[in-house]
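What follows is model-v2.tsv (TSV, N, CA and C atoms and all ligand atoms).
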chain	number	residue	atom	x	y	z
A	1	MET	N	-12.63	1.59	-12.16
A	1	MET	CA	-11.32	1.16	-11.68
A	1	MET	C	-10.41	2.38	-11.50
A	2	ASN	N	-9.73	2.39	-10.40
A	2	ASN	CA	-8.81	3.49	-10.13
A	2	ASN	C	-7.43	3.18	-10.70
A	3	VAL	N	-6.83	4.20	-11.27
A	3	VAL	CA	-5.48	4.01	-11.80
A	3	VAL	C	-4.54	5.04	-11.19
A	4	CYS	N	-3.34	4.63	-10.99
A	4	CYS	CA	-2.33	5.53	-10.43
A	4	CYS	C	-1.83	6.46	-11.54
A	5	PRO	N	-1.87	7.78	-11.32
A	5	PRO	CA	-1.43	8.73	-12.35
A	5	PRO	C	0.05	8.59	-12.68
A	6	LEU	N	0.84	8.14	-11.73
A	6	LEU	CA	2.27	7.97	-11.98
A	6	LEU	C	2.56	6.73	-12.80
A	7	CYS	N	1.92	5.61	-12.42
A	7	CYS	CA	2.15	4.35	-13.13
A	7	CYS	C	1.68	4.43	-14.57
A	8	ASN	N	0.63	5.23	-14.80
A	8	ASN	CA	0.05	5.28	-16.13
A	8	ASN	C	0.45	6.52	-16.90
A	9	GLY	N	1.32	7.34	-16.34
A	9	GLY	CA	1.80	8.51	-17.03
A	9	GLY	C	0.74	9.55	-17.30
A	10	LEU	N	-0.31	9.57	-16.48
A	10	LEU	CA	-1.40	10.52	-16.69
A	10	LEU	C	-0.97	11.94	-16.35
A	11	ARG	N	-0.22	12.07	-15.29
A	11	ARG	CA	0.29	13.38	-14.94
A	11	ARG	C	1.53	13.20	-14.09
A	12	ARG	N	2.32	14.23	-14.04
A	12	ARG	CA	3.53	14.15	-13.24
A	12	ARG	C	3.20	14.55	-11.80
A	13	VAL	N	3.69	13.81	-10.90
A	13	VAL	CA	3.56	14.14	-9.49
A	13	VAL	C	4.97	14.36	-8.95
A	14	THR	N	5.22	15.58	-8.56
A	14	THR	CA	6.54	15.89	-8.06
A	14	THR	C	6.56	15.76	-6.54
A	15	VAL	N	7.47	14.95	-6.07
A	15	VAL	CA	7.62	14.74	-4.64
A	15	VAL	C	8.95	15.36	-4.22
A	16	TYR	N	8.90	16.11	-3.13
A	16	TYR	CA	10.10	16.78	-2.69
A	16	TYR	C	10.69	16.09	-1.47
A	17	CYS	N	11.98	16.01	-1.46
A	17	CYS	CA	12.72	15.38	-0.38
A	17	CYS	C	12.45	16.12	0.94
A	18	SER	N	12.17	15.36	1.98
A	18	SER	CA	11.88	15.98	3.27
A	18	SER	C	13.14	16.50	3.94
A	19	TYR	N	14.31	16.16	3.40
A	19	TYR	CA	15.57	16.63	3.98
A	19	TYR	C	16.08	17.89	3.29
A	20	CYS	N	16.16	17.83	1.94
A	20	CYS	CA	16.79	18.93	1.22
A	20	CYS	C	15.80	19.71	0.34
A	21	ARG	N	14.55	19.25	0.28
A	21	ARG	CA	13.50	19.95	-0.48
A	21	ARG	C	13.76	19.97	-1.97
A	22	GLN	N	14.56	19.06	-2.47
A	22	GLN	CA	14.78	18.94	-3.90
A	22	GLN	C	13.80	17.91	-4.47
A	23	PRO	N	13.45	18.05	-5.76
A	23	PRO	CA	12.56	17.06	-6.37
A	23	PRO	C	13.21	15.68	-6.37
A	24	MET	N	12.38	14.68	-6.08
A	24	MET	CA	12.89	13.32	-6.02
A	24	MET	C	12.51	12.56	-7.28
A	25	GLU	N	13.26	11.49	-7.57
A	25	GLU	CA	12.99	10.65	-8.74
A	25	GLU	C	12.00	9.56	-8.36
A	26	ASP	N	11.03	9.33	-9.25
A	26	ASP	CA	10.08	8.25	-9.04
A	26	ASP	C	10.74	6.94	-9.49
A	27	HIS	N	10.87	6.04	-8.55
A	27	HIS	CA	11.46	4.74	-8.89
A	27	HIS	C	10.40	3.65	-9.01
A	28	GLY	N	9.15	4.06	-9.13
A	28	GLY	CA	8.09	3.10	-9.38
A	28	GLY	C	7.44	2.55	-8.13
A	29	LYS	N	6.52	1.65	-8.33
A	29	LYS	CA	5.80	1.05	-7.22
A	29	LYS	C	6.74	0.22	-6.35
A	30	VAL	N	6.53	0.29	-5.05
A	30	VAL	CA	7.37	-0.50	-4.16
A	30	VAL	C	7.13	-1.99	-4.37
A	31	THR	N	5.92	-2.33	-4.78
A	31	THR	CA	5.62	-3.75	-4.97
A	31	THR	C	6.40	-4.34	-6.13
A	32	ASP	N	6.86	-3.48	-7.05
A	32	ASP	CA	7.66	-3.96	-8.17
A	32	ASP	C	9.02	-4.46	-7.71
A	33	TYR	N	9.40	-4.09	-6.50
A	33	TYR	CA	10.71	-4.46	-6.00
A	33	TYR	C	10.69	-5.75	-5.19
A	34	PHE	N	9.48	-6.27	-4.97
A	34	PHE	CA	9.39	-7.43	-4.09
A	34	PHE	C	10.06	-8.66	-4.67
A	35	ASP	N	9.75	-8.96	-5.92
A	35	ASP	CA	10.43	-10.05	-6.60
A	35	ASP	C	10.27	-9.87	-8.09
A	36	ASP	N	10.88	-10.75	-8.86
A	36	ASP	CA	10.89	-10.61	-10.30
A	36	ASP	C	9.52	-10.76	-10.94
A	37	TYR	N	8.61	-11.38	-10.24
A	37	TYR	CA	7.32	-11.68	-10.84
A	37	TYR	C	6.26	-10.63	-10.53
A	38	SER	N	6.47	-9.85	-9.49
A	38	SER	CA	5.42	-8.95	-9.04
A	38	SER	C	4.93	-7.95	-10.09
A	39	PRO	N	5.79	-7.39	-10.98
A	39	PRO	CA	5.26	-6.44	-11.97
A	39	PRO	C	4.23	-7.06	-12.88
A	40	TYR	N	4.23	-8.38	-13.01
A	40	TYR	CA	3.31	-9.02	-13.93
A	40	TYR	C	2.04	-9.49	-13.24
A	41	MET	N	2.01	-9.34	-11.93
A	41	MET	CA	0.82	-9.75	-11.20
A	41	MET	C	-0.19	-8.61	-11.16
A	42	ASP	N	-1.40	-8.95	-10.86
A	42	ASP	CA	-2.45	-7.95	-10.76
A	42	ASP	C	-2.14	-6.96	-9.65
A	43	ALA	N	-2.25	-5.67	-9.96
A	43	ALA	CA	-1.84	-4.64	-9.01
A	43	ALA	C	-2.67	-4.69	-7.73
A	44	ASP	N	-3.94	-5.02	-7.85
A	44	ASP	CA	-4.78	-5.06	-6.66
A	44	ASP	C	-4.43	-6.23	-5.77
A	45	VAL	N	-3.98	-7.31	-6.36
A	45	VAL	CA	-3.54	-8.45	-5.57
A	45	VAL	C	-2.28	-8.08	-4.81
A	46	MET	N	-1.39	-7.38	-5.50
A	46	MET	CA	-0.14	-6.99	-4.86
A	46	MET	C	-0.38	-6.06	-3.68
A	47	LYS	N	-1.41	-5.24	-3.78
A	47	LYS	CA	-1.68	-4.30	-2.71
A	47	LYS	C	-2.02	-5.02	-1.41
A	48	LEU	N	-2.60	-6.19	-1.54
A	48	LEU	CA	-2.97	-6.93	-0.34
A	48	LEU	C	-1.75	-7.46	0.38
A	49	VAL	N	-0.65	-7.56	-0.31
A	49	VAL	CA	0.53	-8.15	0.30
A	49	VAL	C	1.67	-7.14	0.46
A	50	ASP	N	1.43	-5.90	0.13
A	50	ASP	CA	2.53	-4.94	0.18
A	50	ASP	C	2.79	-4.41	1.58
A	51	GLY	N	1.96	-4.84	2.53
A	51	GLY	CA	2.20	-4.44	3.91
A	51	GLY	C	1.51	-3.15	4.29
A	52	TYR	N	0.91	-2.48	3.30
A	52	TYR	CA	0.19	-1.24	3.58
A	52	TYR	C	-1.30	-1.49	3.33
A	53	LEU	N	-1.98	-1.92	4.35
A	53	LEU	CA	-3.37	-2.32	4.18
A	53	LEU	C	-4.24	-1.16	3.71
A	54	ARG	N	-3.93	0.03	4.14
A	54	ARG	CA	-4.76	1.18	3.78
A	54	ARG	C	-4.70	1.50	2.29
A	55	THR	N	-3.66	1.07	1.60
A	55	THR	CA	-3.53	1.41	0.19
A	55	THR	C	-4.64	0.76	-0.63
A	56	TYR	N	-5.10	-0.39	-0.18
A	56	TYR	CA	-6.16	-1.07	-0.94
A	56	TYR	C	-7.49	-0.36	-0.75
A	57	THR	N	-7.82	-0.01	0.48
A	57	THR	CA	-9.11	0.61	0.75
A	57	THR	C	-9.12	2.08	0.32
A	58	ASN	N	-7.99	2.74	0.38
A	58	ASN	CA	-7.92	4.16	0.03
A	58	ASN	C	-7.57	4.41	-1.43
A	59	HIS	N	-7.33	3.35	-2.19
A	59	HIS	CA	-6.92	3.48	-3.58
A	59	HIS	C	-5.66	4.33	-3.70
A	60	GLU	N	-4.65	3.91	-3.03
A	60	GLU	CA	-3.37	4.60	-3.10
A	60	GLU	C	-2.31	3.64	-3.63
A	61	CYS	N	-1.40	4.22	-4.39
A	61	CYS	CA	-0.30	3.45	-4.96
A	61	CYS	C	0.96	3.85	-4.21
A	62	VAL	N	1.67	2.87	-3.70
A	62	VAL	CA	2.85	3.17	-2.90
A	62	VAL	C	4.06	3.24	-3.81
A	63	HIS	N	4.66	4.41	-3.88
A	63	HIS	CA	5.81	4.59	-4.75
A	63	HIS	C	7.09	4.82	-3.96
A	64	LEU	N	8.15	4.38	-4.54
A	64	LEU	CA	9.46	4.59	-3.96
A	64	LEU	C	10.11	5.77	-4.67
A	65	PHE	N	10.48	6.76	-3.91
A	65	PHE	CA	11.16	7.94	-4.47
A	65	PHE	C	12.58	7.98	-3.96
A	66	TYR	N	13.44	8.47	-4.83
A	66	TYR	CA	14.86	8.52	-4.51
A	66	TYR	C	15.38	9.94	-4.66
A	67	CYS	N	16.08	10.40	-3.65
A	67	CYS	CA	16.69	11.72	-3.72
A	67	CYS	C	18.16	11.57	-4.09
A	68	PRO	N	18.52	12.07	-5.29
A	68	PRO	CA	19.91	11.94	-5.73
A	68	PRO	C	20.87	12.80	-4.91
A	69	THR	N	20.33	13.82	-4.26
A	69	THR	CA	21.17	14.70	-3.46
A	69	THR	C	21.54	14.05	-2.12
A	70	CYS	N	20.52	13.55	-1.44
A	70	CYS	CA	20.74	12.92	-0.12
A	70	CYS	C	21.05	11.43	-0.23
A	71	ARG	N	20.75	10.87	-1.40
A	71	ARG	CA	20.84	9.43	-1.59
A	71	ARG	C	19.97	8.70	-0.57
A	72	GLU	N	18.78	9.26	-0.40
A	72	GLU	CA	17.81	8.66	0.51
A	72	GLU	C	16.59	8.21	-0.29
A	73	GLU	N	16.02	7.12	0.14
A	73	GLU	CA	14.78	6.64	-0.47
A	73	GLU	C	13.62	6.93	0.46
A	74	GLU	N	12.50	7.33	-0.14
A	74	GLU	CA	11.31	7.61	0.65
A	74	GLU	C	10.11	6.98	-0.02
A	75	VAL	N	9.21	6.47	0.79
A	75	VAL	CA	7.98	5.89	0.28
A	75	VAL	C	6.87	6.91	0.42
A	76	ARG	N	6.13	7.11	-0.68
A	76	ARG	CA	5.01	8.06	-0.65
A	76	ARG	C	3.76	7.36	-1.16
A	77	PHE	N	2.62	7.77	-0.62
A	77	PHE	CA	1.35	7.21	-1.05
A	77	PHE	C	0.76	8.13	-2.13
A	78	ILE	N	0.57	7.59	-3.32
A	78	ILE	CA	0.02	8.35	-4.43
A	78	ILE	C	-1.46	8.00	-4.57
A	79	LYS	N	-2.30	9.03	-4.51
A	79	LYS	CA	-3.75	8.82	-4.63
A	79	LYS	C	-4.11	8.43	-6.05
A	80	GLU	N	-4.84	7.33	-6.17
A	80	GLU	CA	-5.23	6.88	-7.51
A	80	GLU	C	-6.48	7.58	-8.00
B	1	ZN	ZN	1.67	3.93	-9.06
B	2	ZN	ZN	17.30	15.12	-0.37
Give the structure from this file in structure tokens form.
Amino acid sequence: MNVCPLCNGLRRVTVYCSYCRQPMEDHGKVTDYFDDYSPYMDADVMKLVDGYLRTYTNHECVHLFYCPTCREEEVRFIKE
């Protein structure tokens, strides 16, 4: 089973803002934002409905990153 290093705290993945090149904050999986119940559902099930079909086949976790400088949110694919 593949696990996301960010979700499981295995290692830090630093993502830099494409606008200002500053480190961005990890705000967790985008699927966690879908509704109140999604964090408790099976992660692989959520991947099928997150709108990113490639994340399931490529074992990628879609994370939402936030840049406090630009106040911009960016979605990045984290390899599991
Ligand atoms: Zn993750
Ligand atoms: Zn920025």
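Selecting all polymer residues at most 6.5 Å from ligand ZN 2 (chain B), using all atoms listed in the file, gives Cys17, Ser18, Tyr19, Cys20, Arg21, Gln22, Cys67, Pro68, Thr69, Cys70, Arg71 and Glu72 of chain A.
Picture a line from atom C of A:Met24 to atom N of A:Phe65; it runs 7.0 Å.
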Please check which protein, DNA or RNA residues sit within 5 Å of ligand ZN 1 (chain B), counting all atoms listed in the file, and write them as a ChimeraX atom specification. /A:4,6-7,61
In Å to one decimal, how far is atom CA of A:Tyr33 from atom C of A:Arg11?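 Going from atom C of A:Arg11 over to atom CA of A:Tyr33, I get 21.5 Å.
Across the structure, atom CA of A:Asn58 and atom N of A:Lys29 are spaced 16.9 Å apart.
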Which polymer residues have any atom within 8 Å of an atom of A:Asn2, counting only N, CA and C atoms, with same-chain residues fewer than 4 positions away left out, as a PyMOL selection string? chain A and resi 59+79-80
